[in-house]
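Undergrad: If you scroll down you'll find the structure; I have some questions about it.
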Amino acid sequence: MKAGVLTVSDKGARGEREDLSGKILMEKLSEAGFEVAAYEIVPDEYEEIVALLVDWADRLQLPLILTTGGTGLSPRDVTPEATRAVLEKEIPGIAETLRAKGLEHTPYSMLSRGLAGIRRKSLIINLPGSPRAVEEAWEVLSPVLRHAIEKIQGSEAECARG
Ligand SMILES: Nc1ncnc2c1ncn2[C@@H]1O[C@H](COP(=O)(O)OP(=O)(O)OP(=O)(O)O)[C@@H](O)[C@H]1O
Ligand SMILES: Nc1nc2c(c(=O)[nH]1)N[C@H]1C(S)=C(S)[C@@H](COP(=O)(O)O)O[C@H]1N2
């Protein structure tokens, strides 16, 4: 199953900081059996984020796209706005659960405005930028990712809980 990792970071895009968060996501995805078929770092620019997400969902048809960064309150943080522009359906439960579980680690979790949802057959999920946040989010997401993706692809698979 293919996945894409999109890092949204001004410093990362300028080559001023190693993209640890993107690296962690790619490692976690590979360990979980995903093929990381696309990886990019873009600056916090609305149009660039929209273009990448549309390309990966519509042309590459990636079943899973994880973004990291640009979800907070800084003036240049626009990842949720760009993501909202491309989503056809939102999945509020994923975003809410990431924030709720994040609160177990830091109250700053409530400052992430990340979204999750579907465009065509792609599940798109915004994660915060810090490597720690990415690791914490992965723990929450990993048990449900495969089932969510199968449902989006049209599988009749039953929920494991029946
Ligand atoms: N892709 C990343 N790789 C490694 N560390 C990151 C990454 N993105 C964010 N961080 C860390 O998380 C902290 C908070 O992230 P934030 O999005 O505010 O970063 P920033 O440095 O202010 O902005 P930008 O990443 O857009 O240049 C940063 O100070 C940095 O230590
Ligand atoms: N689980 C978890 N969520 C987290 C964090 C974290 O360390 N762990 N960091 C928070 C912080 S400090 C910020 S500012 C927001 C937004 O981060 P972003 O702007 O890098 O996307 O995510 C929050 N969400």
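Each chain of the structure tokens is named A, B, ... in the order shown, its residues numbered from 1; ligands are numbered from 1 in display order.
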Any idea what's packed within 9 Å of Ala133 (chain A), counting only C-alpha atoms, ignoring anything in its chain fewer than 3 positions away? Could you give it as number ranges by chain?
TA: A: 21, 102, 105, 109, 127-130, 136-138
Undergrad: Residues contacting ligand 1 - anything with an atom at most 8 Å away, using only C-alpha atoms and all ligand atoms - can you give me those as number ranges by chain?
TA: A: 7-13, 17-22, 43-44, 68-72, 74, 76-77, 128-131
Undergrad: Set the distance at 9 Å and use only C-alpha atoms: which residues neighbour Glu35 (chain A) once local chain neighbours fewer than 4 positions away are removed? I'd like the list as a PyMOL selection string.
TA: chain A and resi 1-4+26+29-30
Undergrad: Can you list every residue in region 24-147 of chain A that DSSP puts in strand (DSSP E or B), as a list of chain:residue names?
TA: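 DSSP-assigned strand (DSSP E or B) residues in region 24-147 of chain A: A:Glu35, A:Val36, A:Ala37, A:Ala38, A:Tyr39, A:Glu40, A:Ile41, A:Val42, A:Leu64, A:Ile65, A:Leu66, A:Thr67, A:Thr68, A:Lys89, A:Glu90, A:Ala116, A:Gly117, A:Ile118, A:Arg119, A:Ser122, A:Leu123, A:Ile124, A:Ile125, A:Asn126, A:Leu127.
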Undergrad: Output N, CA and C atoms for every residue in the selection just made, as a compact mmCIF listing (two decimals), in the first residue's frame.
TA:
# COMPACT_ATOMS: atom_id res chain seq x y z
N GLU A 35 4.61 1.40 1.35
CA GLU A 35 5.67 1.83 0.44
C GLU A 35 5.60 3.36 0.35
N VAL A 36 6.66 4.05 0.77
CA VAL A 36 6.64 5.51 0.69
C VAL A 36 6.95 5.91 -0.75
N ALA A 37 5.90 6.25 -1.48
CA ALA A 37 6.02 6.48 -2.93
C ALA A 37 6.25 7.95 -3.26
N ALA A 38 6.09 8.84 -2.28
CA ALA A 38 6.31 10.27 -2.53
C ALA A 38 6.72 10.95 -1.23
N TYR A 39 7.69 11.84 -1.37
CA TYR A 39 8.14 12.62 -0.22
C TYR A 39 8.61 13.98 -0.73
N GLU A 40 8.12 15.04 -0.08
CA GLU A 40 8.54 16.39 -0.47
C GLU A 40 8.59 17.27 0.78
N ILE A 41 9.45 18.29 0.72
CA ILE A 41 9.41 19.36 1.72
C ILE A 41 9.00 20.63 0.99
N VAL A 42 7.95 21.28 1.48
CA VAL A 42 7.55 22.56 0.88
C VAL A 42 7.53 23.63 1.98
N LEU A 64 -2.71 6.93 1.16
CA LEU A 64 -2.46 7.66 2.42
C LEU A 64 -1.48 8.80 2.19
N ILE A 65 -1.83 9.98 2.69
CA ILE A 65 -0.93 11.14 2.63
C ILE A 65 -0.85 11.72 4.03
N LEU A 66 0.34 11.72 4.62
CA LEU A 66 0.55 12.33 5.93
C LEU A 66 1.33 13.61 5.75
N THR A 67 0.84 14.70 6.33
CA THR A 67 1.61 15.94 6.31
C THR A 67 2.12 16.19 7.72
N THR A 68 3.24 16.91 7.83
CA THR A 68 3.74 17.32 9.13
C THR A 68 4.15 18.78 9.07
N LYS A 89 -14.34 15.11 1.95
CA LYS A 89 -15.03 14.73 3.19
C LYS A 89 -14.04 14.95 4.33
N GLU A 90 -14.50 15.49 5.44
CA GLU A 90 -13.64 15.57 6.62
C GLU A 90 -13.90 14.38 7.53
N ALA A 116 -8.20 16.05 9.14
CA ALA A 116 -8.07 14.76 8.45
C ALA A 116 -9.29 14.60 7.57
N GLY A 117 -9.11 13.89 6.47
CA GLY A 117 -10.27 13.68 5.59
C GLY A 117 -9.88 12.95 4.32
N ILE A 118 -10.81 13.00 3.38
CA ILE A 118 -10.68 12.18 2.16
C ILE A 118 -10.78 13.07 0.92
N ARG A 119 -9.87 12.86 -0.01
CA ARG A 119 -10.03 13.38 -1.38
C ARG A 119 -9.93 12.20 -2.32
N SER A 122 -7.93 9.03 -1.40
CA SER A 122 -6.78 9.30 -0.52
C SER A 122 -7.23 9.75 0.85
N LEU A 123 -6.64 9.14 1.87
CA LEU A 123 -6.81 9.61 3.25
C LEU A 123 -5.69 10.59 3.54
N ILE A 124 -6.05 11.82 3.90
CA ILE A 124 -5.06 12.87 4.14
C ILE A 124 -5.15 13.27 5.62
N ILE A 125 -4.01 13.26 6.30
CA ILE A 125 -4.00 13.58 7.73
C ILE A 125 -2.88 14.59 8.01
N ASN A 126 -3.26 15.70 8.68
CA ASN A 126 -2.28 16.71 9.09
C ASN A 126 -1.74 16.38 10.48
N LEU A 127 -0.42 16.32 10.61
CA LEU A 127 0.21 16.14 11.92
C LEU A 127 1.00 17.39 12.25
Undergrad: Just the number, please: distance in Å from CA of Ala85 (chain A) to CA of Val50 (chain A), one decimal.
TA: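 Spanning CA of Ala85 (chain A) to CA of Val50 (chain A) is a straight-line distance of 7.3 Å.
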Undergrad: Can you list, as a PyMOL selection string, every residue of region 14-69 of chain A that DSSP puts in alpha helix (DSSP H)?
TA: chain A and resi 20-31+46-54
